[in-house]
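K.L.:
The structure is given below, and queries will be raised subsequently.
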Amino acid sequence: MKKLNKKFFCALLSVSMIAALTACGGKDNTTTTTNTTTTTNTETQADAPAETTAAPAETTAPEAKEGSVAVFYYTYGDTYISSVRAALDSALDKAGISYQDYDSNNSQTTQSEQVTTAISQGATVLVVNLVDTGSDDAAKNIISQANGVPVIFFNRSVSEEAVTSSDKCVFVGTDYEMAGHMQGEMIGNYLLENYDTLDLNGDGTISYVMFKGQEGNAEADARTKYGQEDADAILTGAGKPALSFYDSANSNKYLVDQAGAWSSAAATEYMQTIMSQYSEANNNMVELVIANNDEMAIGAVTALQNAGYNKEGATVIPVFGVDATDAAKDAIKAGSMIGTIKQDAEGMANTIANITANFMDGKEAFDGVDSANVVGTWRVNIPYATYTAD
């Protein structure tokens, strides 16, 4: 290779130094206990070969949009929500959108106060992962606070009535009943294929436990209902008995996370308590675990492994979840968990970023969004998919 021309080398070095100084002089990167403002990353091309005298390619960055976005998460502690946050931060960066993230720490009061603060600081779009989904009151209050500022609710259900109370409000979520139907079908088919192995006490019936994330949450209600009912339909259609909840005294036929956090810790504690009374030794071991999210599924796996189950060479109690988090996918690959329903965090984040940009550019809210996923004029449903080791 030819030697670099000395003058060219000096010029190239100067350009590189100027580019570095320019990158360092971009948007401020500040962090507080409740929020984060991120910087926009730029990509650079490799230096030109020594044999040429062409100037290096200029660095490019998305054109910054006027205004800023406030993004409110019901909690940073939810694994699935954390994956949405990472994907949404990246999507907003790529779109050149300035934003600030808020952790509502599972408190609707905190979230409402954060909304007030963000509006007073000039937020031009609000993206809200609502804390309280038990009624429309919290959603309507935020829409009222926004006073014409566009609001994008996501993930945690908000009714059509609440969303359509403003012409600058939409919802990005899922057809949450579909997750329950898909999980129930997956469970029913798996049980039929492995029935004799799973029926540990040989009584002809599969005993199960259902972990519900939160009372009054539409997603939790639907998953609880259809995850069990659809599995039963497959079993009874094949001449097998319906599932039997392990505790006949529990008329609800589910166990709820009392903190409403859908947490692995709650499921671990429940499962350990269950196995102190229901075991193979007592001939009444729980033979199936259905969880409304992967955090609770992983919590159940932890308790089972502590008791000697769901390890290589040991008896596996089938565990099913929803979300397809990285931890759940690893557990499925390892054989300690059977399956989950993928809730597409990246797809949700990209759709939110698209709608955010539309609001900021004065376009129709769903411009550029896959029309197959749009419902009416008020919501977008991100499709689910099954995830197993097969």
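A note on labels: chains of the structure tokens are A, B, ... as shown, every chain counts residues from 1, and ligands are counted from 1 in their shown order.
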Once DSSP has gone over the backbone, tell me which residues of segment 57-234 of chain A are in helix (DSSP H, G or I), as a VMD selection string.

P.N.:
chain A and resid 79 to 94 108 to 120 137 to 146 160 to 163 176 to 198 218 to 234

K.L.:
Could you give me, as JSON, numbers by chain, the residues within 10 Å of Glu229 of chain A, counting only C-alpha atoms and dropping anything in the same chain fewer than 3 positions from it?

P.N.:
{"A": [180, 181, 184, 185, 188, 223, 224, 225, 226, 232, 233, 234, 235, 242, 243]}

K.L.:
Go through A:Ile206, A:Ala87, A:Val369, A:Ala118 one by one, measure the shortest atom-to-atom distance of each to Asn194 of chain A using only C-alpha atoms, and give the residue with the smallest value.

P.N.:
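That would be A:Ile206, the residue with the smallest distance to Asn194 of chain A.
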
K.L.:
Pick the closest to Thr386 of chain A from A:Asp136, A:Asp344, A:Glu215, A:Glu177: which is it, counting only C-alpha atoms?

P.N.:
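Among A:Asp136, A:Asp344, A:Glu215, A:Glu177, it is A:Asp344 that comes nearest to Thr386 of chain A.
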
K.L.:
Neighbours of segment 262-276 of chain A within 6 Å (only C-alpha atoms; same-chain residues fewer than 5 positions away dropped), as a ChimeraX atom specification?

P.N.:
/A:213,257,295-296,299-300,303

K.L.:
Let me see the file: selected residues, N, CA and C atoms, as a tab-separated table (two decimals), in the first residue's frame.

P.N.:
```
chain	number	residue	atom	x	y	z
A	213	GLY	N	-51.80	-11.85	37.20
A	213	GLY	CA	-50.97	-10.70	37.52
A	213	GLY	C	-51.62	-9.66	38.38
A	257	ASP	N	-51.16	-11.71	42.19
A	257	ASP	CA	-50.07	-10.96	42.81
A	257	ASP	C	-50.70	-9.79	43.57
A	295	GLU	N	-42.56	-13.21	33.89
A	295	GLU	CA	-41.95	-12.99	35.21
A	295	GLU	C	-42.50	-13.99	36.22
A	296	MET	N	-43.82	-14.15	36.25
A	296	MET	CA	-44.41	-15.11	37.19
A	296	MET	C	-44.07	-16.54	36.78
A	299	GLY	N	-40.68	-17.14	38.07
A	299	GLY	CA	-40.75	-17.29	39.53
A	299	GLY	C	-41.18	-18.69	39.92
A	300	ALA	N	-42.14	-19.24	39.19
A	300	ALA	CA	-42.58	-20.61	39.46
A	300	ALA	C	-41.47	-21.60	39.15
A	303	ALA	N	-38.96	-21.77	42.02
A	303	ALA	CA	-39.43	-22.58	43.16
A	303	ALA	C	-39.36	-24.06	42.83
```

K.L.:
Each residue of segment 72-156 of chain A lying at most 12 Å from segment 352-368 of chain A should get a row with its shortest atom-to-atom pair and the distance in Å to one decimal, counting only C-alpha atoms; could you produce that, ordered by chain and increasing number, as a Markdown table?

P.N.:
```
| residue | atom | partner | partner_atom | distance |
| --- | --- | --- | --- | --- |
| A:Val84 | CA | A:Ile352 | CA | 10.2 |
| A:Arg85 | CA | A:Ile352 | CA | 11.0 |
| A:Ala87 | CA | A:Ala353 | CA | 9.7 |
| A:Leu88 | CA | A:Ala353 | CA | 6.8 |
| A:Asp89 | CA | A:Ala353 | CA | 9.0 |
| A:Ser90 | CA | A:Ala353 | CA | 9.4 |
| A:Ala91 | CA | A:Ala353 | CA | 6.1 |
| A:Leu92 | CA | A:Ala353 | CA | 5.8 |
| A:Asp93 | CA | A:Ala353 | CA | 9.5 |
| A:Lys94 | CA | A:Ala353 | CA | 9.4 |
| A:Ala95 | CA | A:Ala357 | CA | 7.5 |
| A:Gly96 | CA | A:Ala357 | CA | 9.2 |
| A:Ile97 | CA | A:Ala357 | CA | 7.7 |
| A:Ser98 | CA | A:Ala357 | CA | 10.8 |
| A:Tyr99 | CA | A:Thr356 | CA | 10.7 |
| A:Ala123 | CA | A:Met360 | CA | 11.0 |
| A:Thr124 | CA | A:Met360 | CA | 7.6 |
| A:Val125 | CA | A:Thr356 | CA | 7.0 |
| A:Leu126 | CA | A:Thr356 | CA | 8.7 |
| A:Val127 | CA | A:Ile352 | CA | 8.1 |
| A:Val128 | CA | A:Ile352 | CA | 10.4 |
| A:Asn129 | CA | A:Ile352 | CA | 11.4 |
| A:Gly148 | CA | A:Phe359 | CA | 11.7 |
| A:Val149 | CA | A:Phe359 | CA | 9.5 |
| A:Pro150 | CA | A:Phe359 | CA | 7.0 |
| A:Val151 | CA | A:Thr356 | CA | 9.0 |
| A:Ile152 | CA | A:Ile352 | CA | 7.5 |
| A:Phe153 | CA | A:Ile352 | CA | 9.1 |
| A:Phe154 | CA | A:Ile352 | CA | 8.0 |
| A:Asn155 | CA | A:Ile352 | CA | 10.5 |
```

K.L.:
Kindly indicate which residue among A:Ser371, A:Thr351, A:Gln183, A:Asn106 lies nearest to Val289 of chain A, using only C-alpha atoms for the distances.

P.N.:
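The closest residue to Val289 of chain A is A:Gln183.
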
K.L.:
Between atom CA of Gly173 of chain A and atom CA of Asn381 of chain A, what distance in Å does the model show, to one decimal?

P.N.:
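Computed distance, atom CA of Gly173 of chain A to atom CA of Asn381 of chain A, equals 5.1 Å.
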
K.L.:
Check the DSSP output for the backbone and give back, as a list in words, the residues of segment 296-363 of chain A in strand (DSSP E or B).

P.N.:
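Residues meeting the strand (DSSP E or B) criterion: Val319, Phe320, Gly321, Val322, Asp323, Gly339, Thr340, Ile341, Lys342 and Gln343 of chain A.
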
K.L.:
Using only C-alpha atoms, can you tell me which of A:Phe211, A:Phe320, A:Tyr384, A:Trp378 comes closest to Ile187 of chain A?

P.N.:
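Counting only C-alpha atoms, the residue closest to Ile187 of chain A is A:Phe320.
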
K.L.:
Applying 9 Å and only C-alpha atoms, which residues near Lys140 of chain A remain after dropping the ones on its own chain fewer than 4 positions away? List them as number ranges by chain.

P.N.:
A: 136, 144-145, 162-163, 165

K.L.:
For atom CA of Tyr76 of chain A and atom CA of Val115 of chain A, determine how far apart the two atoms are, in Å to one decimal place.

P.N.:
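Result for atom CA of Tyr76 of chain A versus atom CA of Val115 of chain A: 16.5 Å, one decimal.
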
K.L.:
Identify which of the residues A:Glu193, A:Asp294, A:Asn350, A:Ala307 lies closest to Met337 of chain A, counting only C-alpha atoms when measuring atom-to-atom distances.

P.N.:
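Among A:Glu193, A:Asp294, A:Asn350, A:Ala307, it is A:Asp294 that comes nearest to Met337 of chain A.
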
K.L.:
Which residue, A:Gly239, A:Gly339, A:Gly313, A:Gly216, has the smallest gap to Thr325 of chain A when you use only C-alpha atoms?

P.N.:
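Among the listed residues, A:Gly339 lies closest to Thr325 of chain A.
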